[in-house]
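Structure file run-v3.csv (CSV, C-alpha atoms) follows.
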```
chain,number,residue,atom,x,y,z
A,5,MET,CA,99.4,60.2,121.3
A,6,ASN,CA,95.7,59.7,120.8
A,7,TRP,CA,94.9,59.4,117.1
A,8,THR,CA,91.2,58.6,117.3
A,9,TRP,CA,90.1,62.1,116.3
A,10,PHE,CA,92.3,61.9,113.2
A,11,TYR,CA,90.7,58.6,112.1
A,12,LYS,CA,87.2,60.0,113.0
A,13,TRP,CA,87.7,62.9,110.6
A,14,GLY,CA,88.9,60.5,108.0
A,15,SER,CA,85.6,58.7,108.0
A,16,PRO,CA,83.4,60.0,105.1
A,17,LYS,CA,80.2,59.7,107.1
A,18,TRP,CA,81.6,61.6,110.1
A,19,PHE,CA,83.0,64.3,107.8
A,20,TYR,CA,79.7,64.6,106.0
A,21,SER,CA,77.7,65.3,109.1
A,22,MET,CA,80.3,67.6,110.7
A,23,SER,CA,80.8,69.7,107.6
A,24,GLY,CA,77.1,70.1,107.3
A,25,LYS,CA,77.1,71.8,110.7
A,26,PHE,CA,80.1,74.1,109.7
A,27,LEU,CA,78.9,75.0,106.2
A,28,PRO,CA,76.1,77.6,107.1
A,29,TRP,CA,78.5,79.4,109.4
A,30,LEU,CA,81.3,79.5,106.8
A,31,VAL,CA,78.9,80.8,104.2
A,32,THR,CA,77.6,83.6,106.5
A,33,ALA,CA,81.1,84.6,107.6
A,34,SER,CA,82.4,84.7,104.0
A,35,VAL,CA,79.4,86.8,102.8
A,36,LEU,CA,79.8,89.3,105.7
A,37,LEU,CA,83.6,89.5,105.6
A,38,LEU,CA,83.8,89.7,101.8
A,39,GLY,CA,81.1,92.3,101.7
A,40,ILE,CA,82.6,94.5,104.4
A,41,GLY,CA,86.2,94.1,103.2
A,42,LEU,CA,85.6,94.7,99.5
A,43,ILE,CA,83.1,97.6,99.8
A,44,TRP,CA,85.4,99.3,102.4
A,45,GLY,CA,88.5,98.7,100.4
A,46,LEU,CA,87.1,99.5,96.9
A,47,ALA,CA,85.0,102.5,97.9
A,48,PHE,CA,86.0,104.0,101.2
A,49,ALA,CA,89.7,103.4,102.0
A,50,PRO,CA,91.9,106.3,101.1
A,51,PRO,CA,93.7,106.3,97.7
A,52,ASP,CA,97.5,105.9,97.5
A,53,TYR,CA,99.7,109.0,97.3
A,54,GLN,CA,101.5,107.7,94.1
A,55,GLN,CA,99.0,105.4,92.4
A,56,GLY,CA,95.8,107.1,93.2
A,57,ASN,CA,92.7,104.8,92.9
A,58,SER,CA,94.4,102.1,90.8
A,59,PHE,CA,96.0,100.9,94.0
A,60,ARG,CA,92.6,99.6,95.2
A,61,ILE,CA,92.9,96.5,93.1
A,62,ILE,CA,95.2,95.3,96.0
A,63,TYR,CA,92.0,94.4,97.8
A,64,ILE,CA,91.4,91.6,95.3
A,65,HIS,CA,95.0,90.9,94.1
A,66,VAL,CA,96.6,90.2,97.5
A,67,PRO,CA,93.8,87.9,99.0
A,68,ALA,CA,93.7,85.9,95.8
A,69,ALA,CA,97.4,85.5,95.6
A,70,LEU,CA,97.7,84.6,99.3
A,71,LEU,CA,94.9,82.0,99.0
A,72,ALA,CA,96.3,80.5,95.8
A,73,GLN,CA,99.5,79.7,97.7
A,74,SER,CA,97.8,78.5,100.8
A,75,ILE,CA,95.6,76.2,98.9
A,76,TYR,CA,98.6,74.7,97.3
A,77,ILE,CA,100.3,74.1,100.7
A,78,MET,CA,97.0,72.4,101.7
A,79,LEU,CA,97.1,70.2,98.6
A,80,ALA,CA,100.6,69.1,99.5
A,81,GLY,CA,99.5,68.4,103.1
A,82,THR,CA,96.5,66.3,102.1
A,83,GLY,CA,98.8,64.6,99.5
A,84,ILE,CA,101.2,63.6,102.3
A,85,ILE,CA,98.3,62.3,104.5
A,86,GLY,CA,96.8,60.4,101.6
A,87,LEU,CA,100.1,58.8,100.7
A,88,ILE,CA,101.0,57.7,104.2
A,89,TRP,CA,97.7,56.8,105.8
A,90,LYS,CA,95.8,56.0,102.6
A,91,ILE,CA,92.8,58.0,103.8
A,92,LYS,CA,90.3,58.4,101.0
A,93,LEU,CA,89.0,61.7,102.3
A,94,ALA,CA,92.4,63.3,101.8
A,95,ASP,CA,92.2,62.5,98.1
A,96,VAL,CA,88.7,64.0,98.0
A,97,ALA,CA,89.9,67.2,99.6
A,98,LEU,CA,93.0,67.4,97.3
A,99,ARG,CA,91.0,66.9,94.1
A,100,GLN,CA,88.2,69.3,95.1
A,101,ALA,CA,90.5,72.0,96.3
A,102,ALA,CA,92.7,72.0,93.1
A,103,PRO,CA,90.2,73.8,90.8
A,104,ILE,CA,89.5,76.5,93.5
A,105,GLY,CA,93.3,77.1,93.8
A,106,ALA,CA,93.6,77.3,90.0
A,107,TRP,CA,90.9,79.9,89.8
A,108,MET,CA,92.5,82.0,92.6
A,109,THR,CA,95.8,81.9,90.7
A,110,VAL,CA,94.0,83.1,87.6
A,111,ILE,CA,92.4,85.9,89.6
A,112,ALA,CA,95.8,86.9,91.0
A,113,LEU,CA,97.5,86.9,87.6
A,114,THR,CA,94.7,88.8,85.8
A,115,SER,CA,94.3,91.4,88.5
A,116,GLY,CA,98.1,91.8,88.6
A,117,ALA,CA,98.2,92.3,84.9
A,118,ILE,CA,95.4,94.9,85.1
A,119,TRP,CA,97.3,96.6,87.9
A,120,GLY,CA,100.6,96.4,86.1
A,121,LYS,CA,99.6,98.3,83.0
A,122,PRO,CA,98.9,101.7,84.6
A,123,THR,CA,101.6,101.5,87.3
A,124,TRP,CA,104.5,99.6,85.7
A,125,GLY,CA,103.7,100.3,82.1
A,126,ALA,CA,103.3,96.6,81.1
A,127,TYR,CA,100.7,93.9,81.5
A,128,TRP,CA,103.3,91.2,81.8
A,129,VAL,CA,107.0,91.0,82.6
A,130,TRP,CA,109.1,87.8,82.8
A,131,ASP,CA,110.1,88.6,86.3
A,132,ALA,CA,110.7,85.9,88.9
A,133,ARG,CA,107.6,86.6,91.0
A,134,LEU,CA,105.2,86.6,88.0
A,135,THR,CA,106.9,83.6,86.3
A,136,SER,CA,106.8,81.5,89.5
A,137,MET,CA,103.1,82.4,89.9
A,138,LEU,CA,102.5,81.2,86.3
A,139,ILE,CA,104.2,77.9,87.2
A,140,LEU,CA,101.9,77.6,90.1
A,141,LEU,CA,98.9,77.8,87.7
A,142,PHE,CA,100.5,75.1,85.5
A,143,LEU,CA,101.0,72.9,88.6
A,144,TYR,CA,97.3,73.3,89.5
A,145,LEU,CA,96.3,72.5,85.9
A,146,GLY,CA,98.6,69.5,85.9
A,147,ILE,CA,97.0,68.1,89.0
A,148,ILE,CA,93.5,68.6,87.6
A,149,ALA,CA,94.5,67.0,84.3
A,150,LEU,CA,96.3,64.1,85.9
A,151,GLY,CA,93.3,63.3,88.1
A,152,GLN,CA,91.0,63.4,85.0
A,153,ALA,CA,93.3,61.3,82.8
A,154,ILE,CA,93.7,58.2,85.1
A,155,THR,CA,90.5,56.2,85.4
A,156,ASN,CA,91.7,53.9,88.3
A,157,ARG,CA,90.7,55.9,91.5
A,158,ASP,CA,93.7,54.7,93.6
A,159,SER,CA,96.3,55.4,90.9
A,160,ALA,CA,94.8,58.8,90.2
A,161,ALA,CA,95.0,59.6,94.0
A,162,ARG,CA,98.6,58.5,94.2
A,163,GLY,CA,99.6,60.4,91.1
A,164,CYS,CA,97.9,63.7,92.1
A,165,ALA,CA,99.3,63.4,95.7
A,166,LEU,CA,102.9,62.9,94.4
A,167,LEU,CA,102.6,65.9,92.0
A,168,ALA,CA,101.2,68.1,94.7
A,169,VAL,CA,104.0,67.1,97.1
A,170,VAL,CA,106.8,67.7,94.6
A,171,GLY,CA,105.3,70.9,93.4
A,172,VAL,CA,105.3,72.5,96.8
A,173,VAL,CA,109.0,73.3,96.2
A,174,ASN,CA,107.6,76.2,94.1
A,175,ILE,CA,105.9,77.9,97.1
A,176,PRO,CA,109.1,79.2,98.8
A,177,ILE,CA,110.3,80.3,95.4
A,178,ILE,CA,107.2,82.5,95.0
A,179,LYS,CA,107.5,83.9,98.5
A,180,TYR,CA,111.2,84.7,98.4
A,181,SER,CA,111.5,85.5,94.6
A,182,VAL,CA,111.3,89.3,95.4
A,183,GLU,CA,114.2,89.0,97.9
A,184,TRP,CA,116.5,86.6,96.0
A,185,TRP,CA,116.4,88.3,92.7
A,186,ASN,CA,116.0,91.8,91.2
A,187,THR,CA,112.3,91.9,90.3
A,188,LEU,CA,109.9,94.5,89.0
A,189,HIS,CA,107.4,93.2,91.6
A,190,GLN,CA,107.7,95.0,94.9
A,191,PRO,CA,108.4,93.1,98.2
A,192,ALA,CA,105.6,92.0,100.5
A,193,SER,CA,103.8,94.8,102.4
A,194,PHE,CA,103.0,92.4,105.3
A,195,SER,CA,105.2,90.2,107.5
A,196,TYR,CA,104.9,88.6,110.9
A,197,SER,CA,107.8,90.6,112.4
A,198,HIS,CA,107.2,94.1,111.0
A,199,GLN,CA,104.4,96.7,111.1
A,200,PRO,CA,102.4,96.7,107.8
A,201,ALA,CA,103.8,99.1,105.2
A,202,MET,CA,100.5,101.1,105.1
A,203,PRO,CA,98.3,102.8,107.6
A,204,THR,CA,95.4,101.1,109.5
A,205,GLN,CA,92.6,102.5,107.4
A,206,MET,CA,94.3,100.8,104.4
A,207,TRP,CA,95.3,97.4,105.8
A,208,LEU,CA,92.3,96.7,108.0
A,209,PRO,CA,89.9,96.3,105.0
A,210,LEU,CA,92.6,94.2,103.3
A,211,LEU,CA,92.8,91.9,106.3
A,212,ILE,CA,89.0,91.6,106.4
A,213,ALA,CA,89.0,90.8,102.6
A,214,VAL,CA,91.7,88.2,103.1
A,215,LEU,CA,89.7,86.5,105.9
A,216,GLY,CA,86.6,86.6,103.7
A,217,PHE,CA,88.5,84.9,100.9
A,218,TYR,CA,89.6,82.1,103.2
A,219,CYS,CA,86.1,81.6,104.6
A,220,PHE,CA,84.8,81.6,101.0
A,221,PHE,CA,87.4,78.9,100.1
A,222,GLY,CA,86.3,76.8,103.2
A,223,ALA,CA,82.7,77.1,102.2
A,224,VAL,CA,83.2,76.2,98.6
A,225,LEU,CA,85.6,73.3,99.5
A,226,PHE,CA,83.2,71.8,102.0
A,227,ALA,CA,80.3,72.1,99.5
A,228,ARG,CA,82.3,70.5,96.7
A,229,MET,CA,83.7,67.7,99.0
A,230,ARG,CA,80.2,66.8,100.3
A,231,LEU,CA,78.9,66.4,96.8
A,232,GLU,CA,81.9,64.3,95.7
A,233,LEU,CA,81.5,62.1,98.9
A,234,LEU,CA,77.8,61.4,98.0
A,235,ARG,CA,78.9,60.5,94.5
A,236,ARG,CA,81.7,58.2,95.7
A,237,GLU,CA,79.9,56.6,98.6
A,238,SER,CA,76.6,56.0,96.7
A,239,GLY,CA,75.7,52.4,97.4
A,240,SER,CA,76.5,52.7,101.1
A,241,ARG,CA,73.5,53.0,103.4
A,242,TRP,CA,74.1,56.5,104.9
A,243,ALA,CA,74.8,58.0,101.5
A,244,ASP,CA,71.7,56.6,99.8
A,245,ALA,CA,69.6,57.7,102.7
A,246,GLU,CA,71.1,61.3,102.4
A,247,ILE,CA,70.5,61.4,98.7
A,248,ALA,CA,66.9,60.2,99.1
A,249,ARG,CA,66.4,62.9,101.7
A,250,LEU,CA,67.9,65.6,99.4
A,251,LEU,CA,65.8,64.5,96.5
A,252,LYS,CA,62.5,64.1,98.5
A,253,ASP,CA,61.4,67.7,97.8
A,254,ARG,CA,62.3,67.6,94.2
A,255,ILE,CA,60.4,64.6,92.9
B,19,MET,CA,102.6,54.9,113.4
B,20,THR,CA,103.1,51.5,111.9
B,21,LEU,CA,106.4,50.5,110.2
B,22,THR,CA,104.9,50.7,106.6
B,23,ARG,CA,103.7,54.2,107.3
B,24,LYS,CA,107.1,55.3,108.6
B,25,LYS,CA,108.7,53.8,105.5
B,26,ARG,CA,106.2,55.7,103.3
B,27,MET,CA,106.9,58.9,105.2
B,28,LEU,CA,110.7,58.5,104.7
B,29,TRP,CA,110.0,57.9,101.0
B,30,ILE,CA,108.1,61.2,100.7
B,31,LEU,CA,110.7,63.1,102.7
B,32,SER,CA,113.5,61.9,100.5
B,33,LEU,CA,111.4,62.7,97.4
B,34,LEU,CA,110.8,66.2,98.7
B,35,CYS,CA,114.5,66.7,99.6
B,36,SER,CA,115.7,65.5,96.2
B,37,ALA,CA,113.1,67.7,94.4
B,38,SER,CA,114.2,70.8,96.3
B,39,ILE,CA,117.9,70.1,95.8
B,40,ALA,CA,117.3,69.7,92.1
B,41,THR,CA,115.4,73.0,92.0
B,42,ALA,CA,118.1,74.7,94.0
B,43,PHE,CA,120.8,73.6,91.5
B,44,ALA,CA,118.7,74.7,88.6
B,45,LEU,CA,118.1,78.1,90.1
B,46,ALA,CA,121.7,78.5,91.0
B,47,ALA,CA,122.7,77.8,87.4
B,48,LEU,CA,120.1,80.3,86.1
B,49,GLN,CA,121.0,82.9,88.8
B,50,GLU,CA,122.1,85.5,86.3
B,51,ASN,CA,119.2,85.0,83.9
B,52,ILE,CA,116.5,85.3,86.6
B,53,ASN,CA,117.6,88.7,87.7
B,54,LEU,CA,115.3,91.1,85.9
B,55,PHE,CA,117.9,93.8,85.3
B,56,TYR,CA,121.5,94.9,85.4
B,57,THR,CA,122.4,97.7,87.9
B,58,PRO,CA,124.3,100.8,86.6
B,59,THR,CA,127.4,99.6,88.5
B,60,GLN,CA,127.3,96.3,86.6
B,61,ILE,CA,126.9,98.1,83.3
B,62,VAL,CA,129.7,100.6,83.9
B,63,ALA,CA,131.9,97.6,85.0
B,64,GLY,CA,131.2,96.0,81.6
B,65,GLU,CA,129.2,93.1,82.8
B,66,ALA,CA,126.3,93.7,80.5
B,67,PRO,CA,126.6,92.7,76.8
B,68,MET,CA,126.8,95.4,74.2
B,69,GLY,CA,124.4,95.7,71.2
B,70,THR,CA,121.8,93.2,72.5
B,71,ARG,CA,118.6,94.0,74.3
B,72,ILE,CA,119.1,94.2,78.0
B,73,ARG,CA,117.3,95.5,81.1
B,74,ALA,CA,118.8,98.1,83.4
B,75,GLY,CA,117.3,99.1,86.7
B,76,GLY,CA,117.8,101.9,89.2
B,77,LEU,CA,116.5,105.3,90.3
B,78,VAL,CA,115.9,108.2,87.9
B,79,GLU,CA,118.6,110.6,88.9
B,80,GLU,CA,117.4,113.9,90.4
B,81,GLY,CA,117.7,116.8,88.0
B,82,SER,CA,118.8,114.7,85.1
B,83,LEU,CA,115.5,114.5,83.1
B,84,ASN,CA,115.7,116.3,79.7
B,85,ARG,CA,112.6,116.4,77.5
B,86,ALA,CA,112.8,117.5,73.8
B,87,GLN,CA,110.6,120.5,72.9
B,88,ASP,CA,109.2,119.1,69.7
B,89,SER,CA,109.0,115.3,70.2
B,90,LEU,CA,108.5,112.6,72.9
B,91,GLU,CA,112.2,112.1,73.1
B,92,VAL,CA,113.6,112.1,76.7
B,93,ARG,CA,117.0,111.7,78.2
B,94,PHE,CA,117.7,110.9,81.8
B,95,GLY,CA,120.2,109.3,84.1
B,96,VAL,CA,119.7,106.1,86.0
B,97,THR,CA,121.6,105.6,89.2
B,98,ASP,CA,122.0,103.0,91.9
B,99,GLY,CA,123.7,105.4,94.3
B,100,ALA,CA,127.2,104.4,93.3
B,101,ARG,CA,127.3,104.8,89.5
B,102,SER,CA,124.9,106.1,86.9
B,103,ILE,CA,124.2,105.6,83.1
B,104,ILE,CA,122.5,107.8,80.6
B,105,VAL,CA,119.3,106.5,79.0
B,106,ARG,CA,117.6,107.8,75.8
B,107,TYR,CA,114.0,107.0,75.1
B,108,GLN,CA,111.3,108.0,72.7
B,109,GLY,CA,107.7,107.2,73.7
B,110,ILE,CA,105.1,107.4,76.4
B,111,LEU,CA,106.3,107.1,80.0
B,112,PRO,CA,104.3,105.3,82.7
B,113,ASP,CA,102.3,107.3,85.2
B,114,LEU,CA,104.7,106.7,88.0
B,115,PHE,CA,107.7,107.9,86.1
B,116,ARG,CA,109.4,110.8,87.9
B,117,GLU,CA,112.8,111.8,89.2
B,118,GLY,CA,113.8,109.7,92.2
B,119,GLN,CA,111.5,106.8,91.1
B,120,GLY,CA,112.7,103.3,90.7
B,121,ILE,CA,112.5,102.1,87.1
B,122,VAL,CA,113.5,99.3,84.7
B,123,VAL,CA,114.4,100.2,81.1
B,124,LEU,CA,114.7,97.8,78.2
B,125,GLY,CA,117.0,98.6,75.4
B,126,LYS,CA,120.4,98.3,73.7
B,127,LEU,CA,123.7,99.4,75.2
B,128,GLU,CA,125.6,101.2,72.4
B,129,ASN,CA,129.4,102.0,72.1
B,130,ASP,CA,128.9,105.5,73.4
B,131,GLY,CA,127.9,104.0,76.8
B,132,LYS,CA,124.4,105.2,76.5
B,133,LEU,CA,121.4,102.9,76.8
B,134,TYR,CA,118.9,103.4,73.9
B,135,ALA,CA,115.6,102.2,75.5
B,136,ASP,CA,112.5,101.0,73.7
B,137,GLN,CA,110.5,100.4,76.9
B,138,VAL,CA,110.4,102.1,80.3
B,139,LEU,CA,108.8,100.3,83.3
B,140,ALA,CA,108.2,102.0,86.6
B,141,LYS,CA,108.8,100.1,89.9
B,142,HIS,CA,107.0,101.0,93.1
B,143,ASP,CA,107.8,99.9,96.6
B,144,GLU,CA,105.6,98.0,99.1
B,145,ASN,CA,104.7,101.2,101.0
B,146,TYR,CA,101.2,102.6,100.5
B,147,MET,CA,99.8,105.7,102.1
B,148,PRO,CA,97.0,108.3,101.6
B,149,PRO,CA,98.0,111.6,100.1
B,150,GLU,CA,97.3,113.5,103.3
B,151,THR,CA,99.8,111.3,105.2
B,152,LEU,CA,102.5,112.3,102.7
B,153,HIS,CA,101.6,115.9,103.1
B,154,ALA,CA,101.8,115.6,106.9
B,155,LEU,CA,105.2,113.8,106.6
B,156,LYS,CA,106.6,116.5,104.4
B,157,GLN,CA,105.5,119.2,106.8
B,158,ALA,CA,107.0,117.3,109.7
B,159,LYS,CA,110.3,117.1,107.8
B,160,THR,CA,110.4,120.8,107.0
B,161,ILE,CA,109.6,121.8,110.6
B,162,ARG,CA,112.4,119.5,111.8
B,163,GLN,CA,114.8,120.9,109.2
B,164,ILE,CA,114.4,124.5,110.2
B,165,PRO,CA,115.9,124.3,113.7
B,166,SER,CA,118.8,122.1,112.4
B,167,SER,CA,119.7,124.6,109.7
B,168,LYS,CA,119.6,127.4,112.1
B,169,GLN,CA,122.0,125.6,114.4
B,170,GLU,CA,124.4,125.1,111.5
B,171,SER,CA,124.3,128.8,110.6
B,172,THR,CA,125.1,129.9,114.2
B,173,GLU,CA,128.1,127.6,114.5
```

What does this structure look like when you write it as structure tokens?
Amino acid sequence: MNWTWFYKWGSPKWFYSMSGKFLPWLVTASVLLLGIGLIWGLAFAPPDYQQGNSFRIIYIHVPAALLAQSIYIMLAGTGIIGLIWKIKLADVALRQAAPIGAWMTVIALTSGAIWGKPTWGAYWVWDARLTSMLILLFLYLGIIALGQAITNRDSAARGCALLAVVGVVNIPIIKYSVEWWNTLHQPASFSYSHQPAMPTQMWLPLLIAVLGFYCFFGAVLFARMRLELLRRESGSRWADAEIARLLKDRI
Amino acid sequence: MTLTRKKRMLWILSLLCSASIATAFALAALQENINLFYTPTQIVAGEAPMGTRIRAGGLVEEGSLNRAQDSLEVRFGVTDGARSIIVRYQGILPDLFREGQGIVVLGKLENDGKLYADQVLAKHDENYMPPETLHALKQAKTIRQIPSSKQESTE
């Protein structure tokens, strides 16, 4: 198998120039998709027969929760790549994605609590789905804190990668918690094998909002990684040239 | 892949396996505590402890809801299809509370076999639909029921 593309993407200079080309497209896509999905979902989609308008928070809750778990899987993936191939870019991606994932988890937990009060009758219940999601938040915070606490860059990379890989055990627990145990949280409305448990005019805006959240994550991650790369690579010729170019208009 | 990388990959795989096995054991040991609630069948069978705060879950039994005239006190049956228990509660019920709805109640099981609840939570399922769809569904059901009931009466 030809691995050159893999090593090419691992080079900071190559990544910097390629991500610069993708970034405007990702920003445009996320603005469009988020705008359409959220306005459609929050204002125009029909209300639910039982919950009325309070069901609309699904258009924020579900994308945030999905993204929070996907980002963690990505952290574990970059952790494995970083541990095996010692690619520095993998560490940059892991460390820069972790705060975004933590915020998505916070959004999922808060919107869930706001949704829970009127429908269930409680902001918080120690049910398996909610608790495993709270553990996900602590895993994110642990990775961020571990990275900040270790000053040696290589040890910090190894520590964060190990924690990310071990913590991925929590992801199947979150996903299947509603099937393995009796929970207050309802099972998933979407799966690969079945029709969605809601009509098209309800799930289509949700799908658009989910895609918008993913594009938003891609855009924010690329922007954060580019900045971190410039910081780490300052001293090398390409990075100094790029920094000088960026600062030219400011000085 | 070079030999060192294969070695590292094996290390990570074994780490991941041991972490998942440890978690699986911990979850298996906690199995009973992670379940959010007891079902009425479990309570009738005496699996739930008496006198301490427990959770019970099931459907509000059709036609069992009794409201007091002069207070917020309510009494209703909770069933899982096989068995049912009687729940007494005083307080504000969530919006989704109605007969046939899935709920979780928190309270003490007393010697008379009734559950004295201090909190009632409503469960809802993963199906969402607009009110008009429900209306259409109901109409379709009544139309379908009319010919079948006629058949029964002629037989």

To one decimal in Å, tell me the separation between atom CA of Gly163 of chain A and atom CA of Trp29 of chain B.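 The value is 14.6 Å.
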
(89.3, 59.5, 106.6) in this file's frame - what residues fall within 10 Å of it? Use only C-alpha atoms and give the answer as a PyMOL selection string. chain A and resi 10-19+85-86+89-96

Could you check which residues have any atom within 12 Å of (100.1, 112.5, 99.7), counting all atoms listed in the file with coordinates taken straight from the file, and then list them as an mmCIF file with C-alpha atoms, in the frame of the given file?
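Output below, filename part-v9.cif:
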```
data_model
loop_
_atom_site.group_PDB
_atom_site.id
_atom_site.type_symbol
_atom_site.label_atom_id
_atom_site.label_comp_id
_atom_site.auth_asym_id
_atom_site.auth_seq_id
_atom_site.Cartn_x
_atom_site.Cartn_y
_atom_site.Cartn_z
ATOM 1 C CA PRO A 50 91.900 106.300 101.100
ATOM 2 C CA PRO A 51 93.700 106.300 97.700
ATOM 3 C CA ASP A 52 97.500 105.900 97.500
ATOM 4 C CA TYR A 53 99.700 109.000 97.300
ATOM 5 C CA GLN A 54 101.500 107.700 94.100
ATOM 6 C CA GLN A 55 99.000 105.400 92.400
ATOM 7 C CA GLY A 56 95.800 107.100 93.200
ATOM 8 C CA TYR B 146 101.200 102.600 100.500
ATOM 9 C CA MET B 147 99.800 105.700 102.100
ATOM 10 C CA PRO B 148 97.000 108.300 101.600
ATOM 11 C CA PRO B 149 98.000 111.600 100.100
ATOM 12 C CA GLU B 150 97.300 113.500 103.300
ATOM 13 C CA THR B 151 99.800 111.300 105.200
ATOM 14 C CA LEU B 152 102.500 112.300 102.700
ATOM 15 C CA HIS B 153 101.600 115.900 103.100
ATOM 16 C CA ALA B 154 101.800 115.600 106.900
ATOM 17 C CA LEU B 155 105.200 113.800 106.600
ATOM 18 C CA LYS B 156 106.600 116.500 104.400
ATOM 19 C CA GLN B 157 105.500 119.200 106.800
#
```

So how many Å separate atom CA of Gln100 of chain A and atom CA of Glu232 of chain A, to one decimal?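 Pair atom CA of Gln100 of chain A / atom CA of Glu232 of chain A returns 8.1 Å.
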
Nearest to chain B among A:Val214, A:Ile148, A:Ala153, A:Ala192, with distances taken over only C-alpha atoms: which residue is it?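 Closest to chain B, using only C-alpha atoms: A:Ala192.
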
Expected answer as a PyMOL selection string: chain A residues within 6 Å of chain B, all atoms listed in the file: chain A and resi 50-53+88+124-125+131+170+173+185-188+190-191+193+201-202

Find the residues near Arg85 of chain B: any atom within 12 Å, counting only C-alpha atoms, skip ones fewer than 2 places away on the same chain, and give them as a list in words. Gly81, Ser82, Leu83, Gln87, Asp88, Ser89, Leu90, Glu91, Val92, Arg93, Phe94, Arg106, Tyr107, Gln108, Gly109, Ile110 and Leu111 of chain B
